file input.tsv (TSV, C-alpha atoms)
chain	number	residue	atom	x	y	z
A	1	MET	CA	0.00	0.00	0.00
A	2	PRO	CA	1.49	3.39	-0.96
A	3	THR	CA	2.54	5.68	1.88
A	4	LEU	CA	-0.10	8.32	0.95
A	5	LYS	CA	-2.97	5.83	1.25
A	6	LEU	CA	-1.63	4.65	4.62
A	7	ARG	CA	-1.70	8.23	5.88
A	8	ILE	CA	-5.31	8.74	4.71
A	9	PHE	CA	-6.37	5.44	6.31
A	10	TRP	CA	-4.79	6.31	9.66
A	11	ARG	CA	-6.22	9.86	9.70
A	12	ARG	CA	-9.77	8.68	9.00
A	13	ARG	CA	-9.96	5.52	11.06
A	14	LEU	CA	-7.58	6.08	14.02
A	15	PRO	CA	-7.00	8.76	16.66
A	16	ARG	CA	-4.30	11.20	15.58
A	17	ALA	CA	-1.82	10.28	18.37
A	18	TYR	CA	-2.18	6.56	17.71
A	19	SER	CA	-1.91	6.94	13.93
A	20	THR	CA	1.22	9.08	14.36
A	21	PHE	CA	2.74	6.39	16.56
A	22	LEU	CA	2.01	3.62	14.05
A	23	PHE	CA	3.34	5.63	11.16
A	24	ALA	CA	6.57	6.36	13.04
A	25	PHE	CA	6.87	2.68	13.93
A	26	PHE	CA	6.40	1.74	10.28
A	27	LEU	CA	9.18	4.13	9.19
A	28	LEU	CA	11.51	2.81	11.92
A	29	PHE	CA	10.84	-0.77	10.86
A	30	ALA	CA	11.42	0.06	7.18
A	31	THR	CA	14.73	1.77	8.01
A	32	ALA	CA	15.92	-1.12	10.14
A	33	TRP	CA	14.92	-3.63	7.47
A	34	THR	CA	16.81	-1.68	4.81
A	35	ALA	CA	19.95	-1.49	6.98
A	36	THR	CA	19.78	-5.22	7.68
A	37	ALA	CA	19.40	-5.96	3.97
A	38	GLN	CA	22.46	-3.85	3.24
A	39	ASP	CA	24.50	-5.56	5.98
A	40	THR	CA	23.72	-9.04	4.70
A	41	SER	CA	24.83	-8.02	1.20
A	42	ASP	CA	28.32	-7.20	2.46
A	43	PRO	CA	30.58	-10.16	1.59
A	44	LEU	CA	33.26	-9.03	4.06
A	45	PRO	CA	31.38	-7.81	7.15
A	46	SER	CA	34.39	-8.11	9.50
A	47	TRP	CA	36.37	-5.67	7.35
A	48	ASN	CA	36.31	-1.90	7.69
A	49	ASN	CA	35.59	-0.04	4.47
A	50	GLY	CA	38.88	0.92	2.91
A	51	GLN	CA	41.33	0.28	0.09
A	52	ALA	CA	42.20	-3.30	1.10
A	53	LYS	CA	38.59	-4.48	1.30
A	54	GLN	CA	37.63	-2.68	-1.90
A	55	ALA	CA	40.64	-4.06	-3.78
A	56	ILE	CA	39.53	-7.63	-3.06
A	57	ILE	CA	35.89	-6.94	-3.99
A	58	ASP	CA	36.87	-5.08	-7.18
A	59	PHE	CA	39.29	-7.81	-8.25
A	60	VAL	CA	36.66	-10.51	-7.86
A	61	ALA	CA	34.15	-8.41	-9.81
A	62	ARG	CA	36.65	-7.89	-12.66
A	63	VAL	CA	37.66	-11.51	-13.14
A	64	THR	CA	34.13	-12.92	-12.82
A	65	LYS	CA	32.33	-10.51	-15.17
A	66	ASP	CA	31.28	-12.73	-18.04
A	67	GLY	CA	32.27	-11.09	-21.31
A	68	GLY	CA	34.41	-8.49	-19.58
A	69	PRO	CA	37.98	-7.76	-20.70
A	70	ASP	CA	39.46	-9.28	-17.51
A	71	PHE	CA	37.23	-12.35	-17.28
A	72	VAL	CA	39.01	-15.45	-16.00
A	73	PRO	CA	37.39	-18.88	-16.45
A	74	PRO	CA	36.58	-20.64	-13.13
A	75	ALA	CA	39.15	-23.36	-13.87
A	76	ASP	CA	41.91	-20.73	-13.72
A	77	ARG	CA	40.70	-18.89	-10.63
A	78	ILE	CA	43.43	-20.24	-8.37
A	79	VAL	CA	44.31	-18.47	-5.10
A	80	THR	CA	47.13	-19.57	-2.79
A	81	ILE	CA	47.15	-18.54	0.86
A	82	ASP	CA	49.83	-18.84	3.48
A	83	ASN	CA	48.74	-20.23	6.86
A	84	ASP	CA	50.93	-19.01	9.74
A	85	GLY	CA	50.33	-15.30	10.29
A	86	THR	CA	47.95	-15.09	7.33
A	87	LEU	CA	45.12	-17.38	8.41
A	88	TRP	CA	45.90	-17.86	12.10
A	89	THR	CA	48.13	-16.31	14.72
A	90	GLU	CA	51.81	-17.21	14.65
A	91	GLN	CA	53.00	-15.33	17.74
A	92	PRO	CA	54.62	-15.71	20.20
A	93	MET	CA	55.76	-18.90	18.47
A	94	TYR	CA	54.56	-20.91	15.48
A	95	THR	CA	51.79	-23.25	16.63
A	96	GLU	CA	53.53	-26.24	15.09
A	97	PHE	CA	56.67	-25.47	17.09
A	98	THR	CA	54.61	-25.61	20.28
A	99	PHE	CA	53.24	-28.98	19.13
A	100	THR	CA	56.77	-30.17	18.36
A	101	PHE	CA	58.11	-29.12	21.76
A	102	ASP	CA	55.24	-30.87	23.54
A	103	ARG	CA	55.85	-34.00	21.53
A	104	VAL	CA	59.60	-34.02	22.33
A	105	LYS	CA	58.72	-34.01	26.02
A	106	GLN	CA	56.13	-36.74	25.50
A	107	LEU	CA	58.56	-38.99	23.61
A	108	ALA	CA	61.60	-38.26	25.82
A	109	PRO	CA	61.16	-41.34	28.08
A	110	GLN	CA	61.60	-43.53	24.97
A	111	HIS	CA	64.81	-41.68	24.03
A	112	PRO	CA	67.18	-41.37	27.01
A	113	GLU	CA	69.92	-40.22	24.60
A	114	TRP	CA	68.02	-36.96	24.16
A	115	GLN	CA	69.08	-35.88	27.66
A	116	THR	CA	72.56	-35.15	26.30
A	117	GLN	CA	71.93	-34.85	22.55
A	118	GLN	CA	71.33	-31.36	21.14
A	119	PRO	CA	68.99	-29.72	20.40
A	120	PHE	CA	66.80	-32.13	22.40
A	121	ALA	CA	68.75	-31.58	25.62
A	122	ALA	CA	68.34	-27.81	25.38
A	123	LEU	CA	64.58	-28.15	25.04
A	124	LEU	CA	64.23	-30.73	27.81
A	125	HIS	CA	66.28	-28.55	30.17
A	126	ASN	CA	64.52	-25.31	29.15
A	127	ASP	CA	67.74	-23.86	27.74
A	128	MET	CA	66.06	-21.62	25.20
A	129	LYS	CA	69.26	-19.75	24.37
A	130	THR	CA	71.02	-22.92	23.19
A	131	LEU	CA	67.88	-24.06	21.41
A	132	ALA	CA	67.62	-20.77	19.53
A	133	ALA	CA	71.29	-20.98	18.60
A	134	SER	CA	70.62	-24.31	16.85
A	135	GLY	CA	68.64	-22.34	14.22
A	136	ASP	CA	66.69	-23.92	11.38
A	137	ARG	CA	68.88	-27.01	11.41
A	138	GLY	CA	68.02	-27.71	15.03
A	139	MET	CA	64.32	-27.12	14.45
A	140	PHE	CA	64.25	-29.54	11.53
A	141	GLN	CA	65.95	-32.14	13.74
A	142	LEU	CA	63.13	-31.78	16.24
A	143	ILE	CA	60.47	-31.93	13.53
A	144	VAL	CA	61.70	-35.09	11.83
A	145	ALA	CA	62.11	-36.81	15.21
A	146	THR	CA	58.60	-35.94	16.36
A	147	HIS	CA	56.68	-36.03	13.08
A	148	GLY	CA	58.24	-39.19	11.63
A	149	GLY	CA	58.32	-42.81	12.75
A	150	VAL	CA	54.54	-43.23	12.50
A	151	THR	CA	52.04	-43.80	9.72
A	152	THR	CA	50.15	-40.95	8.11
A	153	ASP	CA	46.93	-42.07	9.83
A	154	GLN	CA	48.63	-42.25	13.22
A	155	PHE	CA	50.13	-38.79	12.82
A	156	SER	CA	46.77	-37.34	11.82
A	157	GLN	CA	45.26	-38.67	15.03
A	158	ILE	CA	48.19	-37.35	17.10
A	159	VAL	CA	47.66	-33.85	15.71
A	160	THR	CA	43.90	-34.04	16.21
A	161	ASP	CA	44.30	-35.15	19.83
A	162	TRP	CA	46.78	-32.37	20.58
A	163	LEU	CA	44.62	-29.64	19.09
A	164	SER	CA	41.62	-30.87	21.10
A	165	HIS	CA	43.20	-29.65	24.34
A	166	ALA	CA	46.02	-27.21	23.43
A	167	GLU	CA	45.35	-23.51	24.03
A	168	HIS	CA	47.06	-20.34	22.95
A	169	PRO	CA	49.06	-18.97	25.92
A	170	ARG	CA	47.72	-15.42	25.60
A	171	PHE	CA	44.21	-15.80	24.23
A	172	LYS	CA	43.27	-18.90	26.26
A	173	ARG	CA	41.31	-20.45	23.44
A	174	PRO	CA	42.02	-23.39	21.13
A	175	TYR	CA	44.54	-22.66	18.39
A	176	THR	CA	41.90	-23.50	15.79
A	177	GLU	CA	39.85	-20.58	17.17
A	178	CYS	CA	42.82	-18.21	16.87
A	179	VAL	CA	42.05	-17.88	13.17
A	180	TYR	CA	41.34	-14.58	11.46
A	181	GLN	CA	37.64	-14.03	10.90
A	182	PRO	CA	38.22	-11.50	8.07
A	183	MET	CA	40.30	-14.08	6.19
A	184	ILE	CA	37.66	-16.77	6.74
A	185	GLU	CA	35.19	-14.39	5.09
A	186	ALA	CA	37.59	-13.57	2.25
A	187	MET	CA	38.07	-17.25	1.44
A	188	ALA	CA	34.31	-17.88	1.52
A	189	PHE	CA	33.78	-14.87	-0.77
A	190	LEU	CA	36.38	-16.14	-3.22
A	191	ARG	CA	34.95	-19.68	-3.28
A	192	ALA	CA	31.43	-18.30	-3.77
A	193	ASN	CA	32.77	-16.66	-6.92
A	194	GLY	CA	34.33	-19.76	-8.43
A	195	PHE	CA	37.81	-19.57	-6.93
A	196	LYS	CA	39.68	-22.63	-5.70
A	197	THR	CA	41.51	-21.84	-2.47
A	198	TYR	CA	44.79	-23.56	-1.61
A	199	ILE	CA	46.88	-23.34	1.52
A	200	VAL	CA	50.57	-23.00	0.64
A	201	SER	CA	52.48	-22.88	3.90
A	202	GLY	CA	55.90	-23.45	5.41
A	203	GLY	CA	54.14	-25.61	8.00
A	204	GLU	CA	54.38	-29.38	7.68
A	205	GLN	CA	51.69	-30.57	5.31
A	206	GLU	CA	50.31	-33.42	7.42
A	207	PHE	CA	50.16	-31.15	10.48
A	208	MET	CA	47.61	-28.95	8.66
A	209	ARG	CA	45.56	-31.49	6.74
A	210	PRO	CA	43.65	-33.05	9.68
A	211	TRP	CA	41.85	-29.78	10.55
A	212	ALA	CA	42.08	-27.44	7.54
A	213	GLU	CA	38.72	-28.41	6.08
A	214	ARG	CA	36.86	-28.09	9.39
A	215	VAL	CA	38.41	-24.73	10.21
A	216	TYR	CA	38.97	-23.12	6.78
A	217	GLY	CA	36.78	-25.09	4.41
A	218	ILE	CA	39.89	-26.22	2.51
A	219	PRO	CA	40.07	-29.99	1.85
A	220	PRO	CA	43.29	-31.96	2.46
A	221	GLU	CA	44.15	-32.25	-1.23
A	222	GLN	CA	44.32	-28.43	-1.42
A	223	VAL	CA	46.91	-28.14	1.37
A	224	VAL	CA	50.53	-27.77	0.24
A	225	GLY	CA	53.27	-27.58	2.84
A	226	THR	CA	56.68	-28.80	3.93
A	227	THR	CA	56.76	-32.58	3.64
A	228	LEU	CA	58.49	-35.58	5.12
A	229	LYS	CA	59.38	-38.55	2.97
A	230	THR	CA	56.90	-41.40	3.05
A	231	LYS	CA	57.22	-45.09	2.27
A	232	PHE	CA	54.56	-47.62	1.36
A	233	ASP	CA	54.50	-50.62	3.68
A	234	THR	CA	52.22	-53.42	4.85
A	235	LYS	CA	51.52	-53.87	8.55
A	236	ASP	CA	49.26	-56.55	9.98
A	237	GLY	CA	48.05	-57.26	6.46
A	238	SER	CA	47.04	-53.64	5.77
A	239	PRO	CA	48.82	-51.17	3.47
A	240	VAL	CA	50.11	-48.01	5.19
A	241	LEU	CA	52.23	-44.98	4.45
A	242	ASP	CA	55.11	-44.68	6.89
A	243	ARG	CA	56.40	-41.19	7.63
A	244	LEU	CA	60.19	-41.32	7.53
A	245	PRO	CA	62.35	-39.02	9.70
A	246	GLN	CA	63.62	-37.20	6.61
A	247	ILE	CA	62.63	-33.87	5.06
A	248	ASP	CA	61.40	-34.25	1.50
A	249	SER	CA	60.52	-30.65	0.56
A	250	ILE	CA	60.65	-27.30	2.35
A	251	ASP	CA	57.69	-25.15	1.37
A	252	ASP	CA	59.05	-21.71	2.19
A	253	GLY	CA	60.56	-18.88	0.17
A	254	PRO	CA	61.32	-20.11	-3.37
A	255	GLY	CA	60.00	-23.52	-2.32
A	256	LYS	CA	56.47	-22.14	-2.42
A	257	PRO	CA	56.25	-21.39	-6.18
A	258	GLU	CA	58.22	-24.58	-6.85
A	259	ASN	CA	55.66	-26.65	-4.97
A	260	ILE	CA	52.74	-24.74	-6.48
A	261	GLY	CA	54.04	-25.79	-9.89
A	262	LYS	CA	54.60	-29.35	-8.69
A	263	PHE	CA	51.34	-29.98	-6.82
A	264	ILE	CA	48.82	-27.49	-8.24
A	265	GLY	CA	50.12	-27.20	-11.78
A	266	LYS	CA	48.80	-23.69	-12.39
A	267	ARG	CA	50.06	-20.23	-11.55
A	268	PRO	CA	47.64	-18.56	-9.11
A	269	ILE	CA	45.96	-15.30	-10.07
A	270	ALA	CA	45.76	-14.25	-6.42
A	271	ALA	CA	48.00	-14.91	-3.44
A	272	PHE	CA	47.91	-13.93	0.23
A	273	GLY	CA	50.86	-13.92	2.64
A	274	ASN	CA	52.29	-12.03	5.58
A	275	SER	CA	56.07	-12.46	5.64
A	276	ASP	CA	59.28	-12.57	3.64
A	277	GLY	CA	58.75	-16.31	3.31
A	278	ASP	CA	55.79	-15.53	1.04
A	279	GLN	CA	57.61	-13.04	-1.19
A	280	GLN	CA	58.49	-15.45	-4.00
A	281	MET	CA	54.95	-16.84	-4.10
A	282	LEU	CA	53.56	-13.33	-4.53
A	283	GLU	CA	56.23	-12.45	-7.11
A	284	TRP	CA	55.41	-15.50	-9.17
A	285	THR	CA	51.71	-14.72	-8.97
A	286	ALA	CA	52.34	-11.12	-10.06
A	287	SER	CA	54.42	-12.13	-13.07
A	288	GLY	CA	51.58	-13.90	-14.86
A	289	PRO	CA	49.44	-12.37	-17.60
A	290	GLY	CA	46.09	-10.70	-16.98
A	291	PRO	CA	44.63	-9.39	-13.73
A	292	ARG	CA	46.52	-10.27	-10.54
A	293	LEU	CA	45.93	-9.76	-6.81
A	294	MET	CA	48.83	-9.86	-4.34
A	295	VAL	CA	48.02	-9.30	-0.68
A	296	LEU	CA	50.11	-9.02	2.49
A	297	VAL	CA	48.68	-9.09	6.01
A	298	HIS	CA	50.60	-6.54	8.08
A	299	HIS	CA	50.39	-7.19	11.83
A	300	THR	CA	49.85	-3.74	13.33
A	301	ASP	CA	47.47	-4.45	16.22
A	302	ALA	CA	49.30	-5.03	19.50
A	303	GLU	CA	46.11	-4.68	21.52
A	304	ARG	CA	43.90	-7.23	19.78
A	305	GLU	CA	46.68	-9.47	18.44
A	306	TYR	CA	50.36	-8.55	17.86
A	307	ALA	CA	52.33	-5.79	16.15
A	308	TYR	CA	55.52	-6.86	14.36
A	309	ASP	CA	57.30	-6.76	11.02
A	310	ARG	CA	60.94	-6.05	10.13
A	311	GLN	CA	62.70	-7.12	13.34
A	312	SER	CA	60.58	-10.11	14.29
A	313	SER	CA	62.16	-13.56	14.52
A	314	VAL	CA	58.72	-15.04	13.82
A	315	GLY	CA	56.99	-14.00	10.61
A	316	ARG	CA	59.48	-11.27	9.66
A	317	LEU	CA	58.04	-8.86	7.10
A	318	ASP	CA	60.85	-6.75	5.68
A	319	LYS	CA	61.86	-7.19	2.03
A	320	ALA	CA	58.38	-8.32	1.03
A	321	LEU	CA	56.90	-5.16	2.56
A	322	ASP	CA	59.31	-3.01	0.56
A	323	GLU	CA	58.37	-4.84	-2.62
A	324	ALA	CA	54.66	-4.56	-1.85
A	325	ASN	CA	54.95	-0.79	-1.42
A	326	ALA	CA	57.08	-0.42	-4.56
A	327	LYS	CA	54.79	-2.53	-6.74
A	328	HIS	CA	51.49	-1.40	-5.22
A	329	TRP	CA	50.42	-4.74	-3.84
A	330	VAL	CA	47.56	-4.71	-1.33
A	331	VAL	CA	48.80	-4.37	2.25
A	332	ILE	CA	46.21	-5.11	4.93
A	333	ASP	CA	46.67	-2.94	8.01
A	334	MET	CA	45.27	-5.30	10.63
A	335	LYS	CA	44.50	-2.56	13.14
A	336	ASN	CA	42.64	-0.31	10.71
A	337	ASP	CA	41.28	-2.70	8.09
A	338	TRP	CA	39.76	-5.38	10.31
A	339	LYS	CA	36.75	-4.74	12.56
A	340	THR	CA	37.44	-7.93	14.45
A	341	ILE	CA	40.34	-10.38	14.57
A	342	PHE	CA	39.06	-13.74	15.80
A	343	PRO	CA	35.66	-15.42	15.45
A	344	ALA	CA	33.21	-14.99	18.30
A	345	THR	CA	33.71	-17.60	21.02
A	346	LYS	CA	31.29	-20.50	20.93

call {"tool": "encode", "arguments": {"input": "input.tsv", "output": "structure tokens"}}
result
Amino acid sequence: MPTLKLRIFWRRRLPRAYSTFLFAFFLLFATAWTATAQDTSDPLPSWNNGQAKQAIIDFVARVTKDGGPDFVPPADRIVTIDNDGTLWTEQPMYTEFTFTFDRVKQLAPQHPEWQTQQPFAALLHNDMKTLAASGDRGMFQLIVATHGGVTTDQFSQIVTDWLSHAEHPRFKRPYTECVYQPMIEAMAFLRANGFKTYIVSGGEQEFMRPWAERVYGIPPEQVVGTTLKTKFDTKDGSPVLDRLPQIDSIDDGPGKPENIGKFIGKRPIAAFGNSDGDQQMLEWTASGPGPRLMVLVHHTDAEREYAYDRQSSVGRLDKALDEANAKHWVVIDMKNDWKTIFPATK
């Protein structure tokens, strides 16, 4: 019924004060309904309006406009996304490192030699200075010792069990709830528009696969990470894949585009990262023909999460930030671009 007819009806049939009240209520309801309709149409509600949000929305509109000059067929809408620091928090220490340290302590009774063998001894005796001095080599020693020696199915269950009770030391919530709500929305928005989302992370591949689909909506076959060597075997009459205590591939730095080529087989048209370890993945994405989207998450929010970049020993963002500024990649300012960081607690 048109507004004019409503006014005539109320004036003739109802007392003036009551009709005025109903008309005001109708306008209030209509305004609230319109605002709600607008809110639900926002594909990225946890993002503040700004250049970063608009760049993602505009890019998706360009490549999905059928008949447009920048149209990309769905089969080629590949996006690769780093995990640590891009999809979930990586401070004060990579989550997988915490898992590794816990597992060293759990397995220590079976390995008395670790009491004097470095870097195990440093960890078991809380000598963090010596442990840090062991560098990447020492960390890989810990990883192969704790991630290998079991089947793929056994390791998946070990990771699942650990995540069921482990909590972030600062936020006091499960690590799988320390994920970035704005990035969850961005991935959902991309998939709703025909993109295929891949995790490409320096984290060990089988550490991420057991929970990536539940948390991110990304199935195991779309998770690419650092890998251990595996060997087919038969145990108790059943075929298994044994995880050997040997690194097969390191998915960091130049290893990321190398593994994208090896396991995905297509250059992505969009890539998200947060550190210098993602620089080569973003460079390779940028060098392809047609429209491209390169995005860095810059941790600038010490109050709601953490603020760090060039000097950090975890997730250092230095050279990649310079390149992003020089080449006009999208840089997400976490403090200003995100309304919220983590999903609401359940």

call {"tool": "residues_near_point", "arguments": {"input": "input.tsv", "point": "(58.7, -13.1, -3.4)", "cutoff": "10 Å", "atoms": "only C-alpha atoms", "output": "ChimeraX atom specification"}}
result
/A:253-254,256-257,273,275-286,319-320,323-324

call {"tool": "write_last_selection", "arguments": {"input": "input.tsv", "atoms": "C-alpha atoms", "output": "mmCIF file, keeping the file's coordinate frame"}}
result
data_model
loop_
_atom_site.group_PDB
_atom_site.id
_atom_site.type_symbol
_atom_site.label_atom_id
_atom_site.label_comp_id
_atom_site.auth_asym_id
_atom_site.auth_seq_id
_atom_site.Cartn_x
_atom_site.Cartn_y
_atom_site.Cartn_z
ATOM 1 C CA GLY A 253 60.560 -18.880 0.170
ATOM 2 C CA PRO A 254 61.320 -20.110 -3.370
ATOM 3 C CA LYS A 256 56.470 -22.140 -2.420
ATOM 4 C CA PRO A 257 56.250 -21.390 -6.180
ATOM 5 C CA GLY A 273 50.860 -13.920 2.640
ATOM 6 C CA SER A 275 56.070 -12.460 5.640
ATOM 7 C CA ASP A 276 59.280 -12.570 3.640
ATOM 8 C CA GLY A 277 58.750 -16.310 3.310
ATOM 9 C CA ASP A 278 55.790 -15.530 1.040
ATOM 10 C CA GLN A 279 57.610 -13.040 -1.190
ATOM 11 C CA GLN A 280 58.490 -15.450 -4.000
ATOM 12 C CA MET A 281 54.950 -16.840 -4.100
ATOM 13 C CA LEU A 282 53.560 -13.330 -4.530
ATOM 14 C CA GLU A 283 56.230 -12.450 -7.110
ATOM 15 C CA TRP A 284 55.410 -15.500 -9.170
ATOM 16 C CA THR A 285 51.710 -14.720 -8.970
ATOM 17 C CA ALA A 286 52.340 -11.120 -10.060
ATOM 18 C CA LYS A 319 61.860 -7.190 2.030
ATOM 19 C CA ALA A 320 58.380 -8.320 1.030
ATOM 20 C CA GLU A 323 58.370 -4.840 -2.620
ATOM 21 C CA ALA A 324 54.660 -4.560 -1.850
#

call {"tool": "residues_around", "arguments": {"input": "input.tsv", "residues": "Arg103 of chain A", "least_positions_apart": "2", "cutoff": "12 Å", "atoms": "only C-alpha atoms", "output": "MDAnalysis selection string"}}
result
chainID A and resid 96:101 105:110 120 123:124 142:148 155 158:159 161:162

call {"tool": "atom_distance", "arguments": {"input": "input.tsv", "atom1": "atom CA of Asp82 of chain A", "atom2": "atom CA of Val200 of chain A"}}
result
5.1 Å

call {"tool": "closest_residue", "arguments": {"input": "input.tsv", "among": "A:Gln115, A:Asn193, A:Gln141, A:Thr151", "to": "Gln246 of chain A", "atoms": "all atoms listed in the file"}}
result
A:Gln141

call {"tool": "closest_residue", "arguments": {"input": "input.tsv", "among": "A:Gln154, A:Thr227, A:Asn126, A:Asn259", "to": "Pro210 of chain A", "atoms": "all atoms listed in the file"}}
result
A:Gln154

call {"tool": "atom_distance", "arguments": {"input": "input.tsv", "atom1": "atom CA of Asp153 of chain A", "atom2": "atom CA of Val224 of chain A"}}
result
17.6 Å

call {"tool": "closest_residue", "arguments": {"input": "input.tsv", "among": "A:Ala186, A:Asp248, A:Asp322, A:His168", "to": "Ala55 of chain A", "atoms": "only C-alpha atoms"}}
result
A:Ala186

call {"tool": "closest_residue", "arguments": {"input": "input.tsv", "among": "A:Tyr306, A:Trp329, A:Tyr216, A:Phe232", "to": "Phe171 of chain A", "atoms": "only C-alpha atoms"}}
result
A:Tyr306

call {"tool": "closest_residue", "arguments": {"input": "input.tsv", "among": "A:Gln157, A:Asn48, A:Thr234, A:Thr116", "to": "Lys339 of chain A", "atoms": "all atoms listed in the file"}}
result
A:Asn48

call {"tool": "closest_residue", "arguments": {"input": "input.tsv", "among": "A:Ile56, A:Ile78, A:Ile332, A:Val240", "to": "Gln222 of chain A", "atoms": "only C-alpha atoms"}}
result
A:Ile78
